Amino acid sequence: KQEVTQIPAALSVPEGENLVLNCSFTDSAIYNLQWFRQDPGKGLTSLLLIQSSQREQTSGRLNASLDKSSGRSTLYIAASQPGDSATYLCAASSGAGSYQLTFGKGTKLSVIP
Amino acid sequence: DGGITQSPKYLFRKEGQNVTLSCEQNLNHDAMYWYRQDPGQGLRLIYYSQIVNDFQKGDIAEGYSVSREKKESFPLTVTSAQKNPTAFYLCASSTTGYSNQPQHFGDGTRLSIL
């Protein structure tokens, strides 16, 4: 059974710093990995989806990488801003046609002005 | 704007009562999902539906029921059999049920016990 871990549970950085959020998964037969953002009391916003055939995806200041062999994905945020403060969740899907995502518990990011 | 609408935002359940959470989408998505989120926990799948009139149990379906009579709507009923219903409930949809498509989420319903 797929398990997804995100460490640390919380992270605080000064504004302008580049940072990396980590996500690890136990089943390397991954179909894709998704990164989401969740603001307090809100739903999830999809940030990036990396398919198993891809190594990375970029959107603006965000870059996500996927290394299936090591069971790891990272989300890189460049030049962090206070508006980036939120909880970031990763979710792994195993097997083509799998409808289920296995979510990590998230990393709560605080960007200090 | 296209999106997913969940209502109500807050809901309170009395002992022995069934309550229904609404989820409506105008994205023309075939697949819809219900998740439960508890504090400090990852999301857990309750039910999912790939097409109209079809749905499948997720990891924690006991005490819940769903219907999918229309493409746009996927209501979730929390029955009295669910002994610990207090949680944040999230509805999502995707273009198809194949997971190479990102899931889009509503803003959630927070359910509490009176």
# chains A, B, ... in the order shown; residues from 1 in each chain; ligands from 1

$ residues_around --residues "Arg13 of chain B" --least-positions-apart "5" --cutoff "9 Å" --atoms "only C-alpha atoms" --output "list in words"
Asn18, Val19, Pro85, Thr86, Leu111, Ser112, Ile113 and Leu114 of chain B

$ closest_atom_pairs --of "chain B" --to "chain A" --cutoff "9 Å" --atoms "only C-alpha atoms" --output "Markdown table"
| residue | atom | partner | partner_atom | distance |
| --- | --- | --- | --- | --- |
| B:Gly40 | CA | A:Lys105 | CA | 6.3 |
| B:Gln41 | CA | A:Lys105 | CA | 5.0 |
| B:Gly42 | CA | A:Lys105 | CA | 4.1 |
| B:Leu43 | CA | A:Phe103 | CA | 5.9 |
| B:Arg44 | CA | A:Phe103 | CA | 7.6 |
| B:Leu45 | CA | A:Gln100 | CA | 7.3 |
| B:Tyr48 | CA | A:Tyr99 | CA | 7.9 |
| B:Gln50 | CA | A:Tyr99 | CA | 8.5 |
| B:Gly58 | CA | A:Gln100 | CA | 7.9 |
| B:Phe88 | CA | A:Gly41 | CA | 8.6 |
| B:Leu90 | CA | A:Gly43 | CA | 6.7 |
| B:Cys91 | CA | A:Gly43 | CA | 8.5 |
| B:Ala92 | CA | A:Leu44 | CA | 9.0 |
| B:Gly97 | CA | A:Tyr99 | CA | 5.7 |
| B:Tyr98 | CA | A:Gly97 | CA | 4.7 |
| B:Ser99 | CA | A:Tyr99 | CA | 5.6 |
| B:Asn100 | CA | A:Asn32 | CA | 6.6 |
| B:Gln101 | CA | A:Leu49 | CA | 8.1 |
| B:Pro102 | CA | A:Leu49 | CA | 6.7 |
| B:Gln103 | CA | A:Ser46 | CA | 7.0 |
| B:His104 | CA | A:Ser46 | CA | 6.7 |
| B:Phe105 | CA | A:Leu44 | CA | 5.6 |
| B:Gly106 | CA | A:Gly43 | CA | 5.4 |
| B:Asp107 | CA | A:Gly43 | CA | 4.2 |
| B:Gly108 | CA | A:Gly43 | CA | 5.7 |
| B:Arg110 | CA | A:Gly41 | CA | 8.7 |

$ residues_around --residues "Ile46 of chain B" --least-positions-apart "6" --cutoff "10 Å" --atoms "only C-alpha atoms" --output "PyMOL selection string"
chain B and resi 33-36+56-66+76+89-91

$ write_last_selection --atoms "N, CA and C atoms" --output "JSON list (two decimals), in the first residue's frame"
[["chain", "number", "residue", "atom", "x", "y", "z"],
["B", 33, "TYR", "N", -15.32, 13.10, -6.54],
["B", 33, "TYR", "CA", -14.74, 12.44, -5.37],
["B", 33, "TYR", "C", -15.19, 13.13, -4.09],
["B", 34, "TRP", "N", -15.28, 12.36, -3.01],
["B", 34, "TRP", "CA", -15.46, 12.91, -1.67],
["B", 34, "TRP", "C", -14.30, 12.47, -0.79],
["B", 35, "TYR", "N", -13.71, 13.46, -0.07],
["B", 35, "TYR", "CA", -12.63, 13.20, 0.86],
["B", 35, "TYR", "C", -13.02, 13.71, 2.24],
["B", 36, "ARG", "N", -12.39, 13.11, 3.23],
["B", 36, "ARG", "CA", -12.51, 13.58, 4.60],
["B", 36, "ARG", "C", -11.12, 14.02, 5.05],
["B", 56, "GLN", "N", -18.03, 4.15, -6.48],
["B", 56, "GLN", "CA", -17.25, 3.11, -5.82],
["B", 56, "GLN", "C", -16.84, 3.57, -4.43],
["B", 57, "LYS", "N", -16.71, 2.63, -3.52],
["B", 57, "LYS", "CA", -16.26, 2.95, -2.17],
["B", 57, "LYS", "C", -14.77, 3.25, -2.17],
["B", 58, "GLY", "N", -14.41, 4.21, -1.32],
["B", 58, "GLY", "CA", -13.01, 4.49, -1.08],
["B", 58, "GLY", "C", -12.54, 3.78, 0.17],
["B", 59, "ASP", "N", -11.55, 4.36, 0.85],
["B", 59, "ASP", "CA", -10.95, 3.72, 2.01],
["B", 59, "ASP", "C", -11.82, 3.74, 3.26],
["B", 60, "ILE", "N", -12.70, 4.75, 3.37],
["B", 60, "ILE", "CA", -13.45, 4.93, 4.62],
["B", 60, "ILE", "C", -14.94, 5.15, 4.34],
["B", 61, "ALA", "N", -15.56, 4.28, 3.57],
["B", 61, "ALA", "CA", -16.95, 4.48, 3.14],
["B", 61, "ALA", "C", -17.99, 4.16, 4.22],
["B", 62, "GLU", "N", -17.62, 3.42, 5.26],
["B", 62, "GLU", "CA", -18.60, 3.01, 6.25],
["B", 62, "GLU", "C", -19.25, 4.21, 6.94],
["B", 63, "GLY", "N", -20.60, 4.21, 6.97],
["B", 63, "GLY", "CA", -21.33, 5.31, 7.60],
["B", 63, "GLY", "C", -21.65, 6.45, 6.65],
["B", 64, "TYR", "N", -21.29, 6.29, 5.39],
["B", 64, "TYR", "CA", -21.56, 7.31, 4.37],
["B", 64, "TYR", "C", -22.31, 6.69, 3.19],
["B", 65, "SER", "N", -23.06, 7.54, 2.47],
["B", 65, "SER", "CA", -23.67, 7.09, 1.23],
["B", 65, "SER", "C", -23.66, 8.22, 0.22],
["B", 66, "VAL", "N", -23.69, 7.88, -1.07],
["B", 66, "VAL", "CA", -23.67, 8.88, -2.14],
["B", 66, "VAL", "C", -24.66, 8.49, -3.22],
["B", 76, "LEU", "N", -23.25, 13.85, -0.72],
["B", 76, "LEU", "CA", -22.76, 12.89, 0.28],
["B", 76, "LEU", "C", -23.68, 12.93, 1.50],
["B", 89, "TYR", "N", -14.99, 18.16, 5.12],
["B", 89, "TYR", "CA", -15.30, 17.32, 3.97],
["B", 89, "TYR", "C", -15.04, 18.09, 2.68],
["B", 90, "LEU", "N", -14.30, 17.46, 1.79],
["B", 90, "LEU", "CA", -13.92, 18.09, 0.54],
["B", 90, "LEU", "C", -14.41, 17.29, -0.65],
["B", 91, "CYS", "N", -15.00, 17.97, -1.60],
["B", 91, "CYS", "CA", -15.45, 17.38, -2.84],
["B", 91, "CYS", "C", -14.49, 17.79, -3.95]]

$ residues_around --residues "Val52 of chain B" --least-positions-apart "2" --cutoff "12 Å" --atoms "only C-alpha atoms" --output "PyMOL selection string"
chain B and resi 28-32+48-50+54-56+66-74+96-97

$ select_by_dssp --residues "segment 10-83 of chain B" --states "strand (DSSP E or B)" --output "ChimeraX atom specification"
/B:10-13,19-25,31-37,44-49,56-57,64-66,70,73,76-78

$ residues_around --residues "Tyr76 of chain A" --least-positions-apart "2" --cutoff "10 Å" --atoms "only C-alpha atoms" --output "PDB file with all heavy atoms, in the first residue's frame"
ATOM      1  N   ASN A  18      14.746  31.232  -1.135  1.00  0.00           N
ATOM      2  CA  ASN A  18      14.357  30.068  -1.924  1.00  0.00           C
ATOM      3  C   ASN A  18      14.205  28.883  -0.982  1.00  0.00           C
ATOM      4  O   ASN A  18      14.957  28.741  -0.011  1.00  0.00           O
ATOM      5  CB  ASN A  18      15.415  29.746  -2.980  1.00  0.00           C
ATOM      6  CG  ASN A  18      15.670  30.908  -3.924  1.00  0.00           C
ATOM      7  OD1 ASN A  18      14.766  31.689  -4.218  1.00  0.00           O
ATOM      8  ND2 ASN A  18      16.904  31.039  -4.379  1.00  0.00           N
ATOM      9  N   LEU A  19      13.224  28.007  -1.237  1.00  0.00           N
ATOM     10  CA  LEU A  19      13.025  26.901  -0.318  1.00  0.00           C
ATOM     11  C   LEU A  19      12.589  25.641  -1.065  1.00  0.00           C
ATOM     12  O   LEU A  19      12.117  25.697  -2.211  1.00  0.00           O
ATOM     13  CB  LEU A  19      11.969  27.280   0.731  1.00  0.00           C
ATOM     14  CG  LEU A  19      10.577  27.593   0.232  1.00  0.00           C
ATOM     15  CD1 LEU A  19       9.663  26.398   0.444  1.00  0.00           C
ATOM     16  CD2 LEU A  19      10.002  28.821   0.911  1.00  0.00           C
ATOM     17  N   VAL A  20      12.766  24.510  -0.377  1.00  0.00           N
ATOM     18  CA  VAL A  20      12.408  23.213  -0.940  1.00  0.00           C
ATOM     19  C   VAL A  20      11.523  22.465   0.040  1.00  0.00           C
ATOM     20  O   VAL A  20      11.848  22.355   1.227  1.00  0.00           O
ATOM     21  CB  VAL A  20      13.672  22.378  -1.245  1.00  0.00           C
ATOM     22  CG1 VAL A  20      13.280  20.973  -1.694  1.00  0.00           C
ATOM     23  CG2 VAL A  20      14.511  23.062  -2.321  1.00  0.00           C
ATOM     24  N   LEU A  21      10.413  21.960  -0.453  1.00  0.00           N
ATOM     25  CA  LEU A  21       9.525  21.104   0.329  1.00  0.00           C
ATOM     26  C   LEU A  21       9.700  19.668  -0.153  1.00  0.00           C
ATOM     27  O   LEU A  21       9.816  19.424  -1.357  1.00  0.00           O
ATOM     28  CB  LEU A  21       8.068  21.549   0.167  1.00  0.00           C
ATOM     29  CG  LEU A  21       7.777  23.006   0.538  1.00  0.00           C
ATOM     30  CD1 LEU A  21       6.306  23.324   0.304  1.00  0.00           C
ATOM     31  CD2 LEU A  21       8.176  23.296   1.963  1.00  0.00           C
ATOM     32  N   ASN A  22       9.690  18.730   0.780  1.00  0.00           N
ATOM     33  CA  ASN A  22       9.981  17.342   0.463  1.00  0.00           C
ATOM     34  C   ASN A  22       8.765  16.428   0.569  1.00  0.00           C
ATOM     35  O   ASN A  22       7.899  16.633   1.420  1.00  0.00           O
ATOM     36  CB  ASN A  22      11.063  16.805   1.397  1.00  0.00           C
ATOM     37  CG  ASN A  22      12.362  17.546   1.233  1.00  0.00           C
ATOM     38  OD1 ASN A  22      12.946  17.560   0.159  1.00  0.00           O
ATOM     39  ND2 ASN A  22      12.821  18.175   2.303  1.00  0.00           N
ATOM     40  N   THR A  58       7.306  22.899 -14.219  1.00  0.00           N
ATOM     41  CA  THR A  58       7.518  24.260 -13.734  1.00  0.00           C
ATOM     42  C   THR A  58       6.286  25.097 -13.995  1.00  0.00           C
ATOM     43  O   THR A  58       5.627  24.967 -15.030  1.00  0.00           O
ATOM     44  CB  THR A  58       8.727  24.894 -14.440  1.00  0.00           C
ATOM     45  OG1 THR A  58       9.897  24.135 -14.130  1.00  0.00           O
ATOM     46  CG2 THR A  58       8.933  26.327 -13.988  1.00  0.00           C
ATOM     47  N   ARG A  61       7.146  30.603 -10.303  1.00  0.00           N
ATOM     48  CA  ARG A  61       8.227  30.454  -9.323  1.00  0.00           C
ATOM     49  C   ARG A  61       8.299  29.044  -8.723  1.00  0.00           C
ATOM     50  O   ARG A  61       9.136  28.798  -7.857  1.00  0.00           O
ATOM     51  CB  ARG A  61       8.018  31.462  -8.179  1.00  0.00           C
ATOM     52  CG  ARG A  61       8.177  32.921  -8.623  1.00  0.00           C
ATOM     53  CD  ARG A  61       8.041  33.886  -7.428  1.00  0.00           C
ATOM     54  NE  ARG A  61       6.706  33.877  -6.855  1.00  0.00           N
ATOM     55  CZ  ARG A  61       6.403  33.351  -5.675  1.00  0.00           C
ATOM     56  NH1 ARG A  61       7.338  32.778  -4.925  1.00  0.00           N
ATOM     57  NH2 ARG A  61       5.160  33.393  -5.227  1.00  0.00           N
ATOM     58  N   LEU A  62       7.428  28.145  -9.174  1.00  0.00           N
ATOM     59  CA  LEU A  62       7.379  26.795  -8.640  1.00  0.00           C
ATOM     60  C   LEU A  62       8.013  25.806  -9.604  1.00  0.00           C
ATOM     61  O   LEU A  62       7.803  25.891 -10.814  1.00  0.00           O
ATOM     62  CB  LEU A  62       5.925  26.380  -8.385  1.00  0.00           C
ATOM     63  CG  LEU A  62       5.071  27.280  -7.519  1.00  0.00           C
ATOM     64  CD1 LEU A  62       3.674  26.694  -7.383  1.00  0.00           C
ATOM     65  CD2 LEU A  62       5.689  27.488  -6.163  1.00  0.00           C
ATOM     66  N   ASN A  63       8.770  24.877  -9.020  1.00  0.00           N
ATOM     67  CA  ASN A  63       9.354  23.792  -9.817  1.00  0.00           C
ATOM     68  C   ASN A  63       9.240  22.519  -9.002  1.00  0.00           C
ATOM     69  O   ASN A  63       9.687  22.458  -7.850  1.00  0.00           O
ATOM     70  CB  ASN A  63      10.807  24.077 -10.153  1.00  0.00           C
ATOM     71  CG  ASN A  63      11.463  22.920 -10.899  1.00  0.00           C
ATOM     72  OD1 ASN A  63      11.914  21.951 -10.291  1.00  0.00           O
ATOM     73  ND2 ASN A  63      11.502  23.010 -12.211  1.00  0.00           N
ATOM     74  N   ALA A  64       8.627  21.504  -9.577  1.00  0.00           N
ATOM     75  CA  ALA A  64       8.493  20.223  -8.900  1.00  0.00           C
ATOM     76  C   ALA A  64       9.299  19.173  -9.642  1.00  0.00           C
ATOM     77  O   ALA A  64       9.278  19.133 -10.873  1.00  0.00           O
ATOM     78  CB  ALA A  64       7.034  19.807  -8.810  1.00  0.00           C
ATOM     79  N   SER A  65       9.989  18.343  -8.886  1.00  0.00           N
ATOM     80  CA  SER A  65      10.766  17.260  -9.486  1.00  0.00           C
ATOM     81  C   SER A  65      10.273  15.919  -8.977  1.00  0.00           C
ATOM     82  O   SER A  65       9.649  15.835  -7.920  1.00  0.00           O
ATOM     83  CB  SER A  65      12.252  17.434  -9.152  1.00  0.00           C
ATOM     84  OG  SER A  65      12.452  17.238  -7.765  1.00  0.00           O
ATOM     85  N   SER A  73       9.925  13.343  -4.214  1.00  0.00           N
ATOM     86  CA  SER A  73       9.568  14.500  -5.019  1.00  0.00           C
ATOM     87  C   SER A  73       9.871  15.747  -4.201  1.00  0.00           C
ATOM     88  O   SER A  73       9.770  15.724  -2.973  1.00  0.00           O
ATOM     89  CB  SER A  73       8.089  14.482  -5.397  1.00  0.00           C
ATOM     90  OG  SER A  73       7.724  15.651  -6.094  1.00  0.00           O
ATOM     91  N   THR A  74      10.257  16.804  -4.876  1.00  0.00           N
ATOM     92  CA  THR A  74      10.501  18.067  -4.199  1.00  0.00           C
ATOM     93  C   THR A  74       9.734  19.175  -4.898  1.00  0.00           C
ATOM     94  O   THR A  74       9.538  19.134  -6.113  1.00  0.00           O
ATOM     95  CB  THR A  74      11.987  18.430  -4.175  1.00  0.00           C
ATOM     96  OG1 THR A  74      12.456  18.559  -5.514  1.00  0.00           O
ATOM     97  CG2 THR A  74      12.813  17.388  -3.443  1.00  0.00           C
ATOM     98  N   ALA A  78      10.856  29.598  -5.509  1.00  0.00           N
ATOM     99  CA  ALA A  78      11.870  30.643  -5.641  1.00  0.00           C
ATOM    100  C   ALA A  78      11.347  31.971  -5.096  1.00  0.00           C
ATOM    101  O   ALA A  78      10.163  32.289  -5.219  1.00  0.00           O
ATOM    102  CB  ALA A  78      12.253  30.798  -7.106  1.00  0.00           C
ATOM    103  N   ALA A  79      12.263  32.722  -4.487  1.00  0.00           N
ATOM    104  CA  ALA A  79      11.959  34.086  -4.019  1.00  0.00           C
ATOM    105  C   ALA A  79      10.629  34.131  -3.269  1.00  0.00           C
ATOM    106  O   ALA A  79       9.671  34.796  -3.691  1.00  0.00           O
ATOM    107  CB  ALA A  79      11.938  35.044  -5.201  1.00  0.00           C
ATOM    108  N   SER A  80      10.563  33.429  -2.158  1.00  0.00           N
ATOM    109  CA  SER A  80       9.301  33.272  -1.432  1.00  0.00           C
ATOM    110  C   SER A  80       8.696  34.622  -1.021  1.00  0.00           C
ATOM    111  O   SER A  80       9.408  35.604  -0.750  1.00  0.00           O
ATOM    112  CB  SER A  80       9.516  32.396  -0.198  1.00  0.00           C
ATOM    113  OG  SER A  80      10.485  32.978   0.655  1.00  0.00           O
TER     114      SER A  80
END

$ closest_residue --among "A:Ile7, A:Ala29, A:Ala86, A:Leu109" --to "Ser70 of chain A" --atoms "only C-alpha atoms"
A:Ala29
